[in-house]
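Visitor: Hey, dropping target.cif in here, mmCIF, C-alpha atoms:
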```cif
data_protein
#
loop_
_atom_site.label_atom_id
_atom_site.label_comp_id
_atom_site.auth_asym_id
_atom_site.auth_seq_id
_atom_site.Cartn_x
_atom_site.Cartn_y
_atom_site.Cartn_z
CA GLY A 21 13.17 34.16 15.93
CA LEU A 22 9.56 33.42 14.92
CA LYS A 23 10.48 33.30 11.27
CA ARG A 24 13.56 33.20 9.16
CA GLU A 25 13.87 34.86 5.79
CA LEU A 26 16.99 34.24 3.77
CA LEU A 27 18.16 34.17 0.20
CA VAL A 28 18.22 30.78 -1.53
CA LYS A 29 19.51 30.90 -5.12
CA GLY A 30 18.96 34.65 -5.01
CA ALA A 31 15.27 34.39 -4.04
CA ARG A 32 13.74 35.46 -0.73
CA THR A 33 12.79 32.28 1.15
CA TYR A 34 10.59 31.90 4.21
CA CYS A 35 11.06 29.28 6.92
CA TYR A 36 8.95 28.95 10.04
CA THR A 37 11.26 28.10 12.95
CA GLY A 38 8.72 27.43 15.70
CA GLY A 39 9.61 30.57 17.61
CA GLN A 40 13.23 29.60 18.24
CA VAL A 41 16.46 31.18 17.08
CA PHE A 42 18.62 29.00 14.87
CA ASN A 43 21.36 27.27 16.86
CA PRO A 44 24.09 25.49 14.85
CA VAL A 45 24.77 23.14 17.78
CA LYS A 46 21.30 21.56 17.57
CA PRO A 47 20.19 18.96 15.03
CA SER A 48 18.03 20.36 12.23
CA VAL A 49 14.82 19.14 10.62
CA VAL A 50 13.39 20.46 7.35
CA MET A 51 9.62 20.11 6.89
CA ILE A 52 8.34 20.20 3.30
CA HIS A 53 4.68 20.76 2.43
CA GLY A 54 2.64 19.34 -0.46
CA VAL A 55 0.63 20.77 -3.35
CA LEU A 56 -1.29 23.95 -2.53
CA HIS A 57 -0.02 23.94 1.05
CA ASP A 58 2.55 26.03 2.92
CA HIS A 59 4.58 25.82 6.16
CA SER A 60 1.43 26.11 8.30
CA VAL A 61 0.38 22.48 7.74
CA TRP A 62 3.16 21.53 10.19
CA ALA A 63 1.96 24.05 12.83
CA MET A 64 1.79 21.72 15.80
CA GLN A 65 4.68 19.38 14.95
CA SER A 66 7.07 22.21 14.01
CA ARG A 67 6.43 24.01 17.30
CA TRP A 68 6.97 20.85 19.33
CA PHE A 69 10.31 20.03 17.71
CA ALA A 70 11.47 23.64 17.97
CA HIS A 71 10.93 23.48 21.74
CA HIS A 72 12.45 20.03 22.19
CA GLY A 73 16.01 20.45 20.97
CA TRP A 74 15.68 20.89 17.20
CA ASN A 75 16.24 23.62 14.66
CA VAL A 76 13.05 23.56 12.61
CA LEU A 77 12.85 24.85 9.05
CA ALA A 78 9.24 24.51 7.92
CA VAL A 79 9.56 26.01 4.45
CA ASP A 80 7.27 27.72 2.03
CA LEU A 81 8.43 26.23 -1.27
CA PRO A 82 9.56 28.79 -3.88
CA GLY A 83 6.70 30.70 -5.47
CA HIS A 84 4.39 29.72 -2.59
CA CYS A 85 3.01 32.29 -0.13
CA ARG A 86 5.97 34.04 1.58
CA SER A 87 8.73 32.57 -0.58
CA ALA A 88 9.73 34.23 -3.84
CA GLY A 89 11.37 32.50 -6.78
CA ALA A 90 9.99 30.15 -9.42
CA ALA A 91 7.66 27.42 -8.14
CA PRO A 92 9.29 24.02 -8.71
CA GLN A 93 8.15 22.36 -11.93
CA SER A 94 9.41 18.95 -10.84
CA VAL A 95 10.30 16.90 -7.79
CA GLU A 96 13.94 17.26 -8.82
CA GLU A 97 13.71 21.09 -8.80
CA GLY A 98 12.14 20.90 -5.35
CA ALA A 99 15.01 18.71 -4.14
CA GLU A 100 17.57 21.16 -5.54
CA PHE A 101 15.86 23.91 -3.56
CA VAL A 102 16.04 21.91 -0.29
CA ILE A 103 19.75 21.28 -0.79
CA ALA A 104 20.34 24.95 -1.64
CA LEU A 105 18.44 25.91 1.54
CA LEU A 106 20.74 23.75 3.68
CA ASP A 107 23.80 25.17 1.92
CA ALA A 108 22.58 28.76 2.39
CA LEU A 109 22.34 28.16 6.15
CA GLY A 110 25.58 26.20 6.33
CA ILE A 111 23.74 23.13 7.64
CA GLN A 112 25.87 20.05 7.12
CA ARG A 113 23.36 17.39 8.20
CA ALA A 114 19.58 17.47 8.54
CA ALA A 115 16.50 15.28 8.89
CA LEU A 116 13.97 15.64 6.08
CA VAL A 117 10.23 15.35 6.66
CA GLY A 118 7.84 15.69 3.72
CA HIS A 119 4.10 15.38 3.13
CA SER A 120 2.56 14.22 -0.16
CA TRP A 121 4.41 16.06 -2.98
CA GLY A 122 6.80 17.20 -0.25
CA SER A 123 7.52 13.55 0.59
CA LEU A 124 8.77 12.98 -2.97
CA ILE A 125 10.89 16.14 -2.74
CA ALA A 126 12.31 14.93 0.60
CA LEU A 127 13.00 11.50 -0.92
CA GLU A 128 14.85 12.91 -3.93
CA ALA A 129 16.76 15.40 -1.74
CA ALA A 130 17.80 12.64 0.69
CA ALA A 131 19.06 10.51 -2.22
CA ARG A 132 21.18 13.41 -3.45
CA LEU A 133 22.41 14.41 0.02
CA GLY A 134 23.71 10.95 0.92
CA ASN A 135 25.19 11.03 4.41
CA ARG A 136 24.07 14.64 4.91
CA ALA A 137 20.50 13.36 5.42
CA THR A 138 20.12 11.89 8.92
CA HIS A 139 16.48 10.74 8.66
CA LEU A 140 13.81 10.63 5.96
CA ALA A 141 10.15 10.75 7.03
CA LEU A 142 7.57 10.28 4.27
CA VAL A 143 4.08 11.32 5.39
CA GLY A 144 1.11 10.54 3.13
CA THR A 145 3.42 9.26 0.41
CA ALA A 146 3.04 7.12 -2.71
CA TRP A 147 5.11 6.24 -5.72
CA PRO A 148 4.36 6.48 -8.49
CA MET A 149 2.14 9.37 -7.36
CA LYS A 150 -0.11 9.41 -10.39
CA VAL A 151 -2.82 12.09 -10.60
CA SER A 152 -5.98 11.30 -12.56
CA PRO A 153 -6.38 13.18 -15.87
CA ALA A 154 -9.73 14.51 -14.60
CA LEU A 155 -8.10 16.03 -11.53
CA LEU A 156 -5.18 17.46 -13.52
CA ASP A 157 -7.68 19.07 -15.90
CA ALA A 158 -9.85 20.42 -13.09
CA ALA A 159 -6.81 21.87 -11.27
CA LEU A 160 -6.00 23.79 -14.44
CA LYS A 161 -9.49 24.90 -15.51
CA GLU A 162 -11.68 24.73 -12.40
CA PRO A 163 -9.40 25.03 -9.39
CA GLU A 164 -12.22 25.60 -6.89
CA LYS A 165 -13.91 22.36 -8.02
CA ALA A 166 -10.57 20.51 -7.90
CA LEU A 167 -9.85 21.88 -4.43
CA ARG A 168 -13.18 20.52 -3.21
CA MET A 169 -12.47 17.14 -4.82
CA VAL A 170 -9.04 16.92 -3.21
CA ASN A 171 -10.33 17.86 0.22
CA VAL A 172 -13.19 15.37 0.05
CA PHE A 173 -10.67 12.64 -0.89
CA SER A 174 -8.16 13.83 1.72
CA ARG A 175 -10.43 14.05 4.72
CA SER A 176 -11.53 11.31 7.06
CA THR A 177 -13.45 13.77 9.24
CA LEU A 178 -14.85 17.28 9.02
CA SER A 179 -13.81 18.22 12.55
CA ALA A 180 -10.96 16.22 14.01
CA PRO A 181 -11.06 15.69 17.80
CA PRO A 182 -8.77 17.40 18.74
CA SER A 183 -7.09 18.81 15.65
CA ALA A 184 -3.73 20.58 15.45
CA LEU A 185 -5.61 23.86 15.14
CA GLY A 186 -7.59 23.34 18.36
CA PRO A 187 -10.43 21.02 19.40
CA GLY A 188 -13.41 21.12 17.07
CA THR A 189 -11.69 23.07 14.30
CA TRP A 190 -13.51 22.71 10.98
CA VAL A 191 -10.50 21.15 9.30
CA PHE A 192 -12.25 20.77 5.92
CA GLY A 193 -13.05 24.49 5.79
CA ALA A 194 -9.60 25.43 7.06
CA GLN A 195 -7.98 23.34 4.32
CA MET A 196 -10.21 24.86 1.63
CA ALA A 197 -9.25 28.34 2.84
CA LEU A 198 -5.55 27.45 2.88
CA GLY A 199 -5.77 26.08 -0.67
CA ARG A 200 -7.42 29.29 -1.91
CA ARG A 201 -4.80 31.39 -0.15
CA VAL A 202 -1.86 29.46 -1.60
CA LEU A 203 -3.39 29.49 -5.09
CA GLY A 204 -3.93 33.25 -4.80
CA SER A 205 -0.37 33.85 -3.60
CA ASN A 206 1.09 33.34 -7.10
CA SER A 207 -0.47 35.26 -9.97
CA GLU A 208 2.02 33.97 -12.55
CA VAL A 209 1.49 30.20 -12.40
CA ASN A 210 -1.26 27.83 -11.33
CA LEU A 211 0.43 26.21 -8.33
CA PHE A 212 -2.28 23.54 -8.12
CA HIS A 213 -1.72 22.24 -11.65
CA ARG A 214 2.07 22.67 -11.55
CA GLY A 215 2.40 20.71 -8.32
CA PHE A 216 0.15 17.90 -9.53
CA VAL A 217 2.08 17.62 -12.80
CA ALA A 218 5.32 17.38 -10.79
CA CYS A 219 3.88 14.52 -8.70
CA ASP A 220 2.47 12.75 -11.75
CA ARG A 221 5.70 12.90 -13.76
CA TYR A 222 8.19 11.94 -11.07
CA ALA A 223 9.80 8.73 -12.26
CA GLY A 224 12.77 8.50 -9.90
CA GLY A 225 11.23 7.16 -6.70
CA GLU A 226 12.59 3.63 -6.72
CA ALA A 227 16.07 4.73 -7.80
CA ALA A 228 16.09 7.44 -5.13
CA ILE A 229 15.12 5.17 -2.23
CA GLY A 230 17.93 2.84 -3.24
CA ARG A 231 20.45 5.68 -2.82
CA VAL A 232 19.11 6.99 0.50
CA ALA A 233 21.72 6.44 3.21
CA CYS A 234 19.55 7.04 6.30
CA PRO A 235 16.61 5.36 8.09
CA VAL A 236 13.18 5.86 6.48
CA LEU A 237 9.77 6.33 8.12
CA PHE A 238 6.51 5.79 6.25
CA ALA A 239 3.64 7.55 8.06
CA LEU A 240 0.50 6.59 6.18
CA GLY A 241 -3.20 7.33 6.68
CA THR A 242 -5.26 4.15 6.69
CA GLN A 243 -8.29 6.09 5.33
CA ASP A 244 -6.26 8.12 2.81
CA GLN A 245 -7.91 8.18 -0.62
CA MET A 246 -5.28 10.49 -2.18
CA THR A 247 -2.26 8.30 -1.36
CA PRO A 248 -3.66 5.03 0.04
CA PRO A 249 -1.15 2.92 2.01
CA LYS A 250 -1.01 0.29 -0.75
CA ALA A 251 0.24 2.99 -3.14
CA ALA A 252 3.36 3.35 -0.96
CA GLN A 253 4.11 -0.37 -1.07
CA THR A 254 6.46 -0.18 -4.07
CA LEU A 255 8.65 2.29 -2.14
CA VAL A 256 8.41 0.29 1.10
CA ASN A 257 9.43 -2.91 -0.70
CA ALA A 258 12.28 -1.15 -2.54
CA ALA A 259 13.57 0.34 0.72
CA ARG A 260 13.52 -3.04 2.45
CA ALA A 261 15.09 -4.80 -0.53
CA ALA A 262 17.91 -2.25 -0.43
CA GLY A 263 18.50 -2.99 3.25
CA LYS A 264 17.28 0.33 4.63
CA ALA A 265 16.12 0.67 8.24
CA VAL A 266 12.38 1.06 7.62
CA SER A 267 9.80 2.18 10.19
CA MET A 268 6.04 2.12 9.59
CA ALA A 269 3.34 4.23 11.26
CA LEU A 270 -0.26 3.63 10.23
CA LEU A 271 -2.42 6.56 11.30
CA PRO A 272 -6.22 6.21 11.60
CA VAL A 273 -7.02 9.14 9.27
CA GLY A 274 -6.94 10.45 5.71
CA HIS A 275 -4.33 12.38 3.74
CA ASN A 276 -3.87 15.38 6.07
CA GLU A 277 -2.28 13.45 8.90
CA MET A 278 -0.72 16.51 10.55
CA THR A 279 -4.06 18.18 11.33
CA GLU A 280 -6.35 15.15 11.63
CA ALA A 281 -4.08 13.00 13.80
CA PRO A 282 -1.65 15.63 15.10
CA GLU A 283 -0.64 13.75 18.26
CA GLU A 284 -0.18 10.40 16.50
CA THR A 285 1.76 12.05 13.66
CA LEU A 286 3.95 13.90 16.14
CA MET A 287 4.66 10.77 18.19
CA ALA A 288 5.59 8.81 15.06
CA LEU A 289 7.98 11.60 14.01
CA ARG A 290 9.34 12.05 17.55
CA ASP A 291 10.06 8.33 18.01
CA PHE A 292 11.69 8.12 14.58
CA LEU A 293 13.82 11.26 14.85
CA SER A 294 14.98 10.47 18.39
CA ALA A 295 16.08 6.94 17.49
#
```
Could I get this file's structure written as structure tokens?

Guide:
Amino acid sequence: GLKRELLVKGARTYCYTGGQVFNPVKPSVVMIHGVLHDHSVWAMQSRWFAHHGWNVLAVDLPGHCRSAGAAPQSVEEGAEFVIALLDALGIQRAALVGHSWGSLIALEAAARLGNRATHLALVGTAWPMKVSPALLDAALKEPEKALRMVNVFSRSTLSAPPSALGPGTWVFGAQMALGRRVLGSNSEVNLFHRGFVACDRYAGGEAAIGRVACPVLFALGTQDQMTPPKAAQTLVNAARAAGKAVSMALLPVGHNEMTEAPEETLMALRDFLSA
């Protein structure tokens, strides 16, 4: 019950289920992490939903940590994986929640799923999600330096009160450790560089949001220097122009909303998914 391992496209795939056994009668929510993250970034939110009437599938993307298979080289490959995951479990309809790179994957998957996607929540999102050449280069050649750069840009506090990991947790150090662990989990490819390239090259954001058939939530960090709220405006405007039901949640933190503003992030997701 604590975890679910299954085969998706022939590769062993890990989903954290919040300690609950999958129940086909309940609605399902898929939570998709960003670059150099894994399922654990959703620790607090995934547990809450799992104990309040939802099937939770907080995934490790292929080639990341506990999931085998080739790490996605593009947002589109990530979306194909999410759809294959739903098909492997026989899930007809699901809500999609994504953070950063994962928000683009959720967006593209929702566009392809049509009426099978019930909700789309984009946390710390932007489009286009361009990555500076200096950061792309550092991710490839000096990952430790790049990891520090990203976490300095991502953080609005060193110790969030209280954080998802417990009051006073050194969230900066925890995130550095997670990044090292994810990077070390794949000896074949540099997950840092591959993920950033996927974000940088994704050109389909505006087309995708036009095809999404469900309500959309933008949960943005007002102090986010990785994906500042204004960088999401193109998507927000496109969603509204296409007549989507758009909700906005501005959270008083940086790019790692789930650990720096866990309660506010959870409440935004709860209100959106229960509507």

Visitor: Just want the 12 Å neighbourhood of Ala259 of chain A, counted on all atoms listed in the file, with same-chain residues fewer than 3 positions away dropped. Output as number ranges by chain.

Guide: A: 127, 131, 140, 225-238, 252-256, 262-268

Visitor: Applying 12 Å and only C-alpha atoms, which residues near Trp62 of chain A remain after dropping the ones on its own chain fewer than 4 positions away? List them as a ChimeraX atom specification.

Guide: /A:35-38,49-54,57-58,66-70,76-80,117-119,122,143,183-185,276-283,285-286,289

Visitor: Within 8 Å of (0.0, 4.8, -4.4) (coordinates as in the file), grab all the protein and nucleic acid residues, counting only C-alpha atoms, and write them out as JSON, numbers by chain.

Guide: {"A": [145, 146, 147, 148, 149, 150, 247, 248, 249, 250, 251, 252, 253]}

Visitor: Kindly indicate which residue among A:Thr242, A:Asn206, A:Thr33, A:Ser294 lies nearest to Ser87 of chain A, using all atoms listed in the file for the distances.

Guide: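 Among the listed residues, the smallest separation from Ser87 of chain A belongs to A:Thr33.
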
Visitor: Going by the chain IDs and residue numbers used in this file, which residues fall under the PyMOL selection byres ((chain A and resi 243) around 8)? Write them as a VMD selection string.

Guide: chain A and resid 176 241 to 242 244 to 245 248 272 to 275

Visitor: Applied to the shown file, which residues does the PyMOL selection byres ((chain A and resi 222) around 8) return, written as a list in words?

Guide: Ser94, Val95, Pro148, Met149, Ala218, Cys219, Asp220, Arg221, Ala223, Gly224 and Gly225 of chain A

Visitor: Name all residues at most 10 Å from Gly30 of chain A (count all atoms listed in the file; drop same-chain ones fewer than 4 positions away) and give them as an mmCIF file with C-alpha atoms, in the frame of the given file.

Guide:
```
data_model
loop_
_atom_site.group_PDB
_atom_site.id
_atom_site.type_symbol
_atom_site.label_atom_id
_atom_site.label_comp_id
_atom_site.auth_asym_id
_atom_site.auth_seq_id
_atom_site.Cartn_x
_atom_site.Cartn_y
_atom_site.Cartn_z
ATOM 1 C CA LEU A 26 16.990 34.240 3.770
ATOM 2 C CA ALA A 88 9.730 34.230 -3.840
ATOM 3 C CA GLY A 89 11.370 32.500 -6.780
#
```

Visitor: So, counting all atoms listed in the file, which residue among A:Arg86, A:Gly186, A:Ile103, A:Pro181 is closest to Val28 of chain A?

Guide: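 Using all atoms listed in the file, Val28 of chain A sits closest to A:Ile103.
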
Visitor: Quick one, how far is atom CA of Arg200 of chain A from atom CA of Val172 of chain A?

Guide: 15.2 Å

Visitor: Mind checking which residues fall within 10 Å of Asn43 of chain A, counting all atoms listed in the file, ignoring those fewer than 6 positions away in the same chain, and posting them as a list of chain:residue names?

Guide: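 Here the answer would be A:Gly73, A:Trp74, A:Asn75.
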
Visitor: Using the chain letters and numbers from the file, which residues does the PyMOL selection byres ((chain A and resi 214-216) around 7) grab, as a PyMOL selection string?

Guide: chain A and resi 55+93+151+156+210-213+217-220

Visitor: What separation in Å, quoted to one decimal, exists between atom CA of Gly134 of chain A and atom CA of Asn257 of chain A?

Guide: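 We find that atom CA of Gly134 of chain A and atom CA of Asn257 of chain A lie 20.0 Å from each other.
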